[in-house]
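So this block is data-v6.txt, compact mmCIF, C-alpha atoms:
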```
# COMPACT_ATOMS: atom_id res chain seq x y z
CA MET A 370 -13.42 17.91 34.08
CA PHE A 371 -11.53 15.35 32.02
CA GLN A 372 -8.83 13.50 33.94
CA LEU A 373 -6.48 10.64 33.30
CA THR A 374 -5.77 8.21 36.11
CA GLU A 375 -2.17 7.96 37.26
CA LEU A 376 -1.81 4.66 35.39
CA GLN A 377 -3.27 6.13 32.17
CA HIS A 378 -1.00 9.16 32.50
CA ASP A 379 2.07 6.95 32.96
CA ALA A 380 1.09 4.78 30.00
CA LEU A 381 0.65 7.87 27.81
CA ILE A 382 4.09 9.17 28.81
CA GLU A 383 5.66 5.75 28.17
CA ILE A 384 4.22 5.46 24.65
CA PHE A 385 5.06 9.08 23.86
CA ASN A 386 8.63 8.52 25.05
CA LEU A 387 8.95 5.57 22.68
CA GLY A 388 7.80 7.71 19.78
CA VAL A 389 10.03 10.58 20.77
CA GLY A 390 13.05 8.29 20.94
CA GLN A 391 12.33 7.07 17.41
CA ALA A 392 11.76 10.65 16.25
CA ALA A 393 15.07 11.78 17.76
CA ALA A 394 16.88 8.93 16.01
CA ALA A 395 15.21 9.85 12.71
CA MET A 396 16.01 13.55 13.13
CA SER A 397 19.59 12.65 13.93
CA ARG A 398 19.86 10.63 10.69
CA ILE A 399 18.32 13.52 8.72
CA VAL A 400 20.75 16.18 9.96
CA GLY A 401 23.72 13.85 10.52
CA ASP A 402 24.25 15.06 14.07
CA GLU A 403 23.27 14.40 17.65
CA VAL A 404 19.76 15.46 18.65
CA THR A 405 18.74 15.73 22.30
CA MET A 406 15.15 15.67 23.48
CA SER A 407 13.50 16.95 26.65
CA VAL A 408 11.16 15.05 28.94
CA PRO A 409 7.67 15.01 27.39
CA MET A 410 5.23 17.55 28.77
CA ILE A 411 1.55 16.72 29.10
CA SER A 412 -0.85 19.49 30.02
CA PHE A 413 -4.47 20.53 29.71
CA GLN A 414 -4.70 24.02 28.27
CA SER A 415 -7.11 26.64 26.95
CA ARG A 416 -6.87 27.84 23.34
CA ALA A 417 -4.89 30.94 24.36
CA GLU A 418 -2.43 28.82 26.35
CA VAL A 419 -2.02 26.43 23.42
CA ALA A 420 -1.26 29.35 21.09
CA ARG A 421 1.46 30.48 23.50
CA THR A 422 2.78 26.90 23.74
CA LEU A 423 3.02 26.69 19.95
CA GLY A 424 4.50 30.16 19.55
CA SER A 425 5.73 32.54 22.17
CA ASP A 426 4.49 35.38 24.34
CA GLU A 427 6.14 37.81 21.95
CA GLY A 428 4.21 36.47 18.96
CA ARG A 429 7.41 35.33 17.25
CA ARG A 430 6.90 33.72 13.82
CA ILE A 431 7.56 30.02 13.53
CA CYS A 432 7.75 27.49 10.76
CA ALA A 433 5.33 24.62 11.35
CA ILE A 434 4.60 21.38 9.57
CA THR A 435 1.22 19.99 10.50
CA GLN A 436 -0.51 16.67 9.93
CA HIS A 437 -3.86 15.31 11.01
CA PHE A 438 -3.97 11.73 12.26
CA GLN A 439 -7.09 9.69 12.82
CA GLY A 440 -8.03 6.18 13.75
CA ALA A 441 -8.21 4.93 17.34
CA PHE A 442 -8.11 8.62 18.24
CA SER A 443 -7.56 11.80 16.27
CA THR A 444 -4.94 14.47 16.81
CA GLU A 445 -3.39 17.49 15.15
CA ALA A 446 0.37 17.05 15.05
CA PHE A 447 2.87 19.91 14.76
CA LEU A 448 6.61 20.05 14.16
CA MET A 449 7.94 23.55 14.75
CA PHE A 450 11.18 25.44 14.26
CA PRO A 451 12.12 29.11 14.42
CA GLU A 452 11.44 30.48 10.92
CA GLU A 453 15.04 31.60 10.43
CA LYS A 454 16.42 28.08 10.99
CA SER A 455 14.53 26.18 8.34
CA LEU A 456 16.98 26.81 5.48
CA GLU A 457 19.84 25.59 7.66
CA ILE A 458 17.94 22.40 8.48
CA VAL A 459 17.31 21.74 4.79
CA ARG A 460 21.02 22.32 4.10
CA LEU A 461 21.88 19.70 6.74
CA MET A 462 19.39 17.31 5.13
CA VAL A 463 20.51 17.55 1.50
CA GLY A 464 24.19 18.33 2.02
CA GLN A 465 26.30 20.82 0.12
CA SER A 466 25.38 19.74 -3.39
CA LEU A 467 22.69 22.38 -4.01
CA SER A 468 23.03 26.12 -4.58
CA LEU A 469 21.33 28.54 -2.20
CA GLU A 470 18.73 29.23 -4.88
CA GLU A 471 17.95 25.54 -5.32
CA LEU A 472 17.86 25.12 -1.56
CA SER A 473 15.39 27.99 -1.13
CA GLU A 474 13.20 26.57 -3.88
CA MET A 475 12.85 23.28 -2.08
CA GLU A 476 12.74 24.64 1.47
CA GLN A 477 8.99 24.24 2.07
CA GLU A 478 8.83 20.88 0.42
CA ALA A 479 11.88 19.56 2.30
CA MET A 480 10.57 20.83 5.63
CA SER A 481 7.25 19.12 4.91
CA GLU A 482 9.06 15.84 4.33
CA ILE A 483 11.01 16.25 7.59
CA GLY A 484 7.73 16.88 9.41
CA ASN A 485 6.20 13.85 7.74
CA ILE A 486 9.05 11.65 8.98
CA ILE A 487 9.23 13.00 12.54
CA LEU A 488 5.48 13.13 13.18
CA ASN A 489 4.99 9.65 11.73
CA CYS A 490 7.69 8.30 14.06
CA CYS A 491 5.77 9.61 17.06
CA MET A 492 2.39 8.41 15.85
CA GLY A 493 3.86 5.09 14.74
CA ALA A 494 4.73 4.38 18.36
CA PHE A 495 1.12 5.00 19.37
CA ALA A 496 -0.19 2.79 16.58
CA ASN A 497 2.23 -0.04 17.31
CA ALA A 498 1.83 0.03 21.10
CA ALA A 499 -1.83 -0.88 20.95
CA GLY A 500 -1.87 -2.56 17.54
CA LYS A 501 -4.26 0.08 16.20
CA GLU A 502 -3.61 1.75 12.86
CA LEU A 503 -3.62 5.54 12.53
CA GLN A 504 -4.03 7.25 9.16
CA GLY A 505 -2.08 10.44 8.56
CA SER A 506 -2.92 13.24 6.14
CA LEU A 507 -0.33 14.76 3.84
CA PRO A 508 1.92 17.24 5.67
CA THR A 509 1.33 20.96 5.21
CA TYR A 510 3.79 23.78 5.77
CA HIS A 511 2.96 27.08 7.45
CA VAL A 512 4.77 30.13 8.74
CA GLY A 513 3.17 32.41 11.34
CA THR A 514 2.57 33.06 15.01
CA GLY A 515 1.34 30.34 17.37
CA ASP A 516 -2.19 31.66 16.96
CA ASN A 517 -1.91 31.58 13.13
CA ILE A 518 -0.62 28.02 13.23
CA LEU A 519 -3.39 26.90 15.56
CA GLY A 520 -5.92 28.40 13.15
CA VAL A 521 -4.81 26.34 10.15
CA SER A 522 -6.17 23.13 11.67
CA GLY A 523 -9.69 24.48 11.06
CA LYS A 524 -10.73 23.52 14.59
CA GLU A 525 -12.09 26.02 17.12
CA TRP A 526 -10.17 24.50 20.03
CA ASP A 527 -12.71 25.82 22.49
CA GLY A 528 -12.77 23.99 25.81
CA VAL A 529 -9.84 22.07 27.20
CA VAL A 530 -7.10 20.84 24.88
CA LEU A 531 -4.59 18.14 25.79
CA THR A 532 -1.11 19.20 24.71
CA LEU A 533 1.70 16.68 24.39
CA LYS A 534 4.93 18.55 23.75
CA ILE A 535 8.59 17.69 23.48
CA ASP A 536 11.51 20.03 22.89
CA PHE A 537 14.48 18.97 20.82
CA ASN A 538 17.85 20.48 20.24
CA ILE A 539 20.52 20.04 17.56
CA GLU A 540 23.16 21.51 19.85
CA ARG A 541 26.09 21.75 17.48
CA HIS A 542 24.06 23.92 15.12
CA HIS A 543 22.10 25.81 17.80
CA ILE A 544 18.85 24.64 16.29
CA TYR A 545 15.93 23.94 18.60
CA GLY A 546 12.35 23.07 17.89
CA TYR A 547 9.49 21.08 19.24
CA VAL A 548 6.85 18.54 18.45
CA ALA A 549 3.32 18.98 19.76
CA PHE A 550 0.12 16.97 19.53
CA LEU A 551 -3.24 18.53 20.32
CA LEU A 552 -6.39 16.64 21.22
CA ASP A 553 -9.80 18.21 21.78
CA MET A 554 -12.47 16.76 24.07
CA PRO A 555 -13.98 14.13 21.72
CA ALA A 556 -10.45 12.99 20.88
CA LEU A 557 -9.58 12.81 24.57
CA ASN A 558 -12.36 10.33 25.24
CA ASP A 559 -11.07 8.20 22.36
CA LEU A 560 -7.52 8.54 23.68
CA GLN A 561 -8.64 7.31 27.09
CA ARG A 562 -10.22 4.24 25.48
CA TYR A 563 -7.05 3.75 23.42
CA ILE A 564 -4.87 3.82 26.57
CA ASP A 565 -7.18 1.36 28.33
CA ALA A 566 -6.90 -0.99 25.34
CA TYR A 567 -3.11 -0.63 25.47
CA LEU A 568 -3.04 -1.41 29.21
CA ALA A 569 -5.37 -4.37 28.73
CA LYS A 570 -3.04 -5.68 26.01
CA LEU A 571 -0.04 -5.26 28.32
CA MET A 572 -1.73 -7.15 31.10
CA GLY A 573 -2.79 -9.97 28.82
CA MET B 247 22.05 -1.53 -17.32
CA THR B 248 19.93 -1.20 -14.21
CA THR B 249 16.97 1.16 -14.00
CA VAL B 250 15.33 2.41 -10.84
CA LEU B 251 11.95 4.15 -10.70
CA VAL B 252 11.67 6.47 -7.68
CA VAL B 253 8.04 7.21 -6.85
CA ASP B 254 7.56 9.94 -4.27
CA ASP B 255 5.57 13.18 -4.13
CA SER B 256 8.46 14.74 -2.21
CA LYS B 257 10.98 16.26 -4.62
CA VAL B 258 13.69 16.25 -1.96
CA SER B 259 13.14 12.54 -1.30
CA ARG B 260 13.45 11.77 -5.01
CA LEU B 261 16.57 13.91 -5.15
CA LEU B 262 18.21 12.15 -2.20
CA SER B 263 17.39 8.65 -3.47
CA LYS B 264 18.69 9.52 -6.92
CA GLN B 265 21.84 11.18 -5.56
CA TYR B 266 22.77 8.29 -3.25
CA ILE B 267 22.09 5.62 -5.90
CA LEU B 268 24.07 7.44 -8.59
CA GLN B 269 27.00 7.96 -6.20
CA ARG B 270 27.25 4.17 -5.98
CA HIS B 271 26.23 3.33 -9.54
CA PRO B 272 26.86 6.26 -11.90
CA ASP B 273 25.83 4.15 -14.90
CA TRP B 274 22.35 3.36 -13.61
CA THR B 275 19.27 5.10 -14.97
CA ILE B 276 16.95 6.77 -12.48
CA ALA B 277 13.40 7.61 -13.51
CA GLU B 278 11.02 9.56 -11.33
CA ALA B 279 7.29 9.75 -10.68
CA ALA B 280 5.48 12.02 -8.23
CA SER B 281 2.40 9.86 -7.69
CA GLY B 282 1.09 6.31 -7.93
CA GLU B 283 -0.85 7.24 -11.04
CA GLU B 284 2.21 8.68 -12.78
CA ALA B 285 4.22 5.58 -11.86
CA ILE B 286 1.57 3.30 -13.38
CA ASP B 287 1.48 5.44 -16.53
CA LYS B 288 5.22 5.27 -17.14
CA VAL B 289 6.30 1.95 -15.64
CA GLU B 290 6.07 -0.04 -18.89
CA ALA B 291 8.09 2.52 -20.84
CA VAL B 292 10.70 2.83 -18.09
CA GLY B 293 10.94 -0.92 -17.43
CA PRO B 294 12.54 -0.58 -14.00
CA ASP B 295 14.46 -3.34 -12.23
CA LEU B 296 13.71 -1.72 -8.88
CA ILE B 297 10.88 0.58 -7.78
CA LEU B 298 11.22 2.71 -4.63
CA LEU B 299 7.64 3.50 -3.70
CA ASP B 300 6.42 6.09 -1.21
CA LEU B 301 3.18 5.33 0.61
CA ASN B 302 1.44 8.59 1.47
CA MET B 303 1.03 10.60 -1.73
CA PRO B 304 -1.72 12.77 -3.21
CA GLY B 305 -4.20 10.67 -5.17
CA MET B 306 -3.42 6.98 -5.28
CA GLY B 307 -1.16 5.91 -2.41
CA GLY B 308 1.82 3.63 -2.90
CA LEU B 309 0.20 0.45 -1.63
CA ALA B 310 -2.84 0.95 -3.87
CA ALA B 311 -0.52 1.19 -6.88
CA VAL B 312 1.37 -2.06 -6.21
CA ASP B 313 -0.98 -4.46 -8.00
CA GLN B 314 -0.96 -2.44 -11.23
CA LEU B 315 2.79 -1.86 -11.10
CA GLN B 316 3.37 -5.59 -10.66
CA ALA B 317 0.93 -6.43 -13.46
CA LYS B 318 2.62 -4.02 -15.87
CA CYS B 319 6.17 -4.83 -14.86
CA PRO B 320 6.28 -8.26 -13.16
CA SER B 321 10.07 -8.44 -13.06
CA ALA B 322 10.51 -5.23 -11.04
CA ARG B 323 11.37 -5.53 -7.37
CA ILE B 324 9.37 -3.06 -5.28
CA THR B 325 10.41 -1.56 -1.94
CA LEU B 326 8.01 0.59 0.02
CA LEU B 327 10.07 3.58 1.21
CA THR B 328 7.93 5.43 3.70
CA ALA B 329 7.77 7.57 6.84
CA ASN B 330 4.90 5.39 8.04
CA VAL B 331 6.65 3.06 10.50
CA GLN B 332 3.51 1.37 11.75
CA ASP B 333 3.53 -2.41 12.10
CA ALA B 334 0.31 -2.53 10.07
CA THR B 335 2.11 -0.94 7.12
CA ARG B 336 5.02 -3.38 7.31
CA GLU B 337 2.51 -6.24 7.41
CA LYS B 338 0.71 -4.92 4.33
CA ALA B 339 4.03 -4.68 2.49
CA ASN B 340 4.86 -8.25 3.51
CA ALA B 341 1.45 -9.48 2.38
CA LEU B 342 2.02 -7.88 -1.04
CA GLY B 343 5.46 -9.48 -1.28
CA ILE B 344 7.33 -6.18 -1.44
CA GLY B 345 10.19 -4.80 0.65
CA PHE B 346 9.85 -2.22 3.39
CA ALA B 347 12.27 0.57 4.34
CA ALA B 348 11.66 3.37 6.83
CA LYS B 349 12.57 6.96 5.99
CA PRO B 350 14.61 9.14 6.42
CA ILE B 351 16.51 8.44 3.22
CA THR B 352 20.18 8.18 4.09
CA GLU B 353 23.19 6.67 2.35
CA ALA B 354 23.07 3.74 4.80
CA LEU B 355 19.40 3.11 4.04
CA ILE B 356 20.01 3.14 0.28
CA ASP B 357 22.88 0.67 0.86
CA GLU B 358 20.49 -1.61 2.74
CA ILE B 359 17.87 -1.42 -0.02
CA LEU B 360 20.42 -2.06 -2.78
CA SER B 361 21.96 -4.88 -0.77
CA ALA B 362 18.55 -6.56 -0.42
CA PHE B 363 18.11 -5.99 -4.16
CA GLY B 364 21.48 -7.72 -4.63
CA LYS B 365 23.19 -4.83 -6.39
CA GLN B 366 25.07 -2.93 -3.69
```
Could you write out this file's structure as structure tokens?
Amino acid sequence: MFQLTELQHDALIEIFNLGVGQAAAAMSRIVGDEVTMSVPMISFQSRAEVARTLGSDEGRRICAITQHFQGAFSTEAFLMFPEEKSLEIVRLMVGQSLSLEELSEMEQEAMSEIGNIILNCCMGAFANAAGKELQGSLPTYHVGTGDNILGVSGKEWDGVVLTLKIDFNIERHHIYGYVAFLLDMPALNDLQRYIDAYLAKLMG
Amino acid sequence: MTTVLVVDDSKVSRLLSKQYILQRHPDWTIAEAASGEEAIDKVEAVGPDLILLDLNMPGMGGLAAVDQLQAKCPSARITLLTANVQDATREKANALGIGFAAKPITEALIDEILSAFGKQ
């Protein structure tokens, strides 16, 4: 069974918190409003549990922007919102200058760019903390249930998956969403080595 | 007359950059390209004073396009405008002698870029 030591776990939370703080600041600049974030959640889950984490027990449809990152370790990154909120988020991003038709036309593309910014903020913190570069793919946009979204990564996700998840809330507009990063077993071993390198760097 | 070439595969990013620049300078000309290759193809004809260059695009990325953009239009100032906030990316921009600005594109960020360009 894969396990992180208490020190490795704390280090992972610390780096993730840094990234989340930057992501919250970026999201706040995008929507021009305050964005609050929850405490990061780290858990080891089965595929079925991950699908529920990404979606809901009721199989509600969500809008997800996904990106694959690789380098010191690899991960599938997800930014998710309720499907019905995405147009409102794009409106907050571009302001009132576009018609509803124009807004709808650029909805997917604008959401992809938001995902690109938010997910890169989080991964940038990981890259900078240990001085190790991570390469990100182009963002892709999907709508579906948690299980659908999990399927688009092309991975089987059999065995244990590490899920890093953070909830965020744009309270004034009643918009909530979350960011999640999934790592399978080979990626977990790389992540452990990455954290050890980060701790070694910290301790000189 | 000042001309800016906005290079980004994201239509909304091009739209925001264009909108914020034109709000400040309605007489400027804004040209657009959706990839590094397209930027290289049109840079001589456009003759930009400033190039806002995204990094992560389909095909040739922004950094890979810098050498050819500089060769074809040596007088243009280039600022990398990217979601990639990694130190390694900033260092690569520094090494190439170009500016660096982190997305999201906001009015304040465009002010900063134009101020560094000396035309705010």
Nearest candidate to chain B (options A:Leu571, A:Ile382, A:Leu423, A:Met480; using all atoms listed in the file): A:Met480
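Here CA of Val408 (chain A) is placed at a distance of 17.2 Å from CA of Glu375 (chain A).
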Non-local contacts of region 281-284 of chain B (8 Å; only C-alpha atoms; under 5 positions in same chain excluded) as number ranges by chain: B: 253-255, 303-308, 310-311
Check: which chain A residues lie within 12 Å of chain B using all atoms listed in the file, as a PyMOL selection string: chain A and resi 388+391-401+436+438+459-464+466-467+471-508
Residue nearest Ser321 (chain B) - candidates B:Ile267, B:Leu296, B:Ala362, B:Ile356, atoms counted: only C-alpha atoms: B:Leu296
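For the pair CA of Asn538 (chain A) and CA of Phe385 (chain A), the separation is 17.5 Å.
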Counting all atoms listed in the file, the residue of A:Glu445, A:Glu452, A:Asp516, A:Asp553 that sits nearest Arg421 (chain A):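 Looking only at the distances to Arg421 (chain A), the closest residue turns out to be A:Asp516.
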Atomic separation - CA of Arg430 (chain A) relative to CA of Lys454 (chain A), Å: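 Separation of CA of Lys454 (chain A) and CA of Arg430 (chain A): 11.4 Å.
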Contact residues around Gln316 (chain B) with only C-alpha atoms at 12 Å, ignoring same-chain residues under 2 positions, as a list in words: Ala285, Ile286, Val289, Glu290, Gly293, Pro294, Asp295, Leu296, Ile297, Leu309, Ala310, Ala311, Val312, Asp313, Gln314, Lys318, Cys319, Pro320, Ser321, Ala322, Arg323, Ile324, Thr325, Leu342, Gly343 and Ile344 of chain B
Written selection (C-alpha atoms) as a short mmCIF file (atom, residue, chain, number, x, y, z; two decimals), in the coordinates of the input:
```
data_model
loop_
_atom_site.label_atom_id
_atom_site.label_comp_id
_atom_site.auth_asym_id
_atom_site.auth_seq_id
_atom_site.Cartn_x
_atom_site.Cartn_y
_atom_site.Cartn_z
CA ALA B 285 4.22 5.58 -11.86
CA ILE B 286 1.57 3.30 -13.38
CA VAL B 289 6.30 1.95 -15.64
CA GLU B 290 6.07 -0.04 -18.89
CA GLY B 293 10.94 -0.92 -17.43
CA PRO B 294 12.54 -0.58 -14.00
CA ASP B 295 14.46 -3.34 -12.23
CA LEU B 296 13.71 -1.72 -8.88
CA ILE B 297 10.88 0.58 -7.78
CA LEU B 309 0.20 0.45 -1.63
CA ALA B 310 -2.84 0.95 -3.87
CA ALA B 311 -0.52 1.19 -6.88
CA VAL B 312 1.37 -2.06 -6.21
CA ASP B 313 -0.98 -4.46 -8.00
CA GLN B 314 -0.96 -2.44 -11.23
CA LYS B 318 2.62 -4.02 -15.87
CA CYS B 319 6.17 -4.83 -14.86
CA PRO B 320 6.28 -8.26 -13.16
CA SER B 321 10.07 -8.44 -13.06
CA ALA B 322 10.51 -5.23 -11.04
CA ARG B 323 11.37 -5.53 -7.37
CA ILE B 324 9.37 -3.06 -5.28
CA THR B 325 10.41 -1.56 -1.94
CA LEU B 342 2.02 -7.88 -1.04
CA GLY B 343 5.46 -9.48 -1.28
CA ILE B 344 7.33 -6.18 -1.44
#
```
Box dimensions and centre (Å, one decimal) enclosing region 252-256 of chain B, axis-aligned, 4 Å extra per side, as JSON:
```
{"center_x": 8.6, "center_y": 10.6, "center_z": -4.9, "size_x": 14.1, "size_y": 16.3, "size_z": 13.5}
```
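Shortest atom-to-atom contact with Leu315 (chain B) among B:Ala280, B:Leu299, B:Ala341, B:Ile359: B:Leu299, counting only C-alpha atoms.
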Residues within 10 Å of Thr275 (chain B), all atoms listed in the file, excluding chain neighbours under 4 positions, as a VMD selection string: chain B and resid 247 to 251 264 267 to 268 271 292 294
Set the distance at 7 Å and use only C-alpha atoms: which residues neighbour Phe442 (chain A) once local chain neighbours fewer than 2 positions away are removed? I'd like the list as an mmCIF file with C-alpha atoms, keeping the file's coordinate frame.
```cif
data_model
loop_
_atom_site.group_PDB
_atom_site.id
_atom_site.type_symbol
_atom_site.label_atom_id
_atom_site.label_comp_id
_atom_site.auth_asym_id
_atom_site.auth_seq_id
_atom_site.Cartn_x
_atom_site.Cartn_y
_atom_site.Cartn_z
ATOM 1 C CA GLN A 439 -7.090 9.690 12.820
ATOM 2 C CA GLY A 440 -8.030 6.180 13.750
ATOM 3 C CA THR A 444 -4.940 14.470 16.810
ATOM 4 C CA ALA A 556 -10.450 12.990 20.880
ATOM 5 C CA ASP A 559 -11.070 8.200 22.360
ATOM 6 C CA LEU A 560 -7.520 8.540 23.680
#
```
Test item: residues at most 9 Å from Phe537 (chain A), all atoms listed in the file, excluding those fewer than 3 positions along its chain, as a compact mmCIF listing (two decimals) with C-alpha atoms, in the coordinates of the input:
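Produced file around_23.txt, reproduced below:
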```txt
# COMPACT_ATOMS: atom_id res chain seq x y z
CA ALA A 393 15.07 11.78 17.76
CA VAL A 404 19.76 15.46 18.65
CA THR A 405 18.74 15.73 22.30
CA MET A 406 15.15 15.67 23.48
CA SER A 407 13.50 16.95 26.65
CA ILE A 544 18.85 24.64 16.29
CA TYR A 545 15.93 23.94 18.60
CA GLY A 546 12.35 23.07 17.89
CA TYR A 547 9.49 21.08 19.24
CA VAL A 548 6.85 18.54 18.45
```
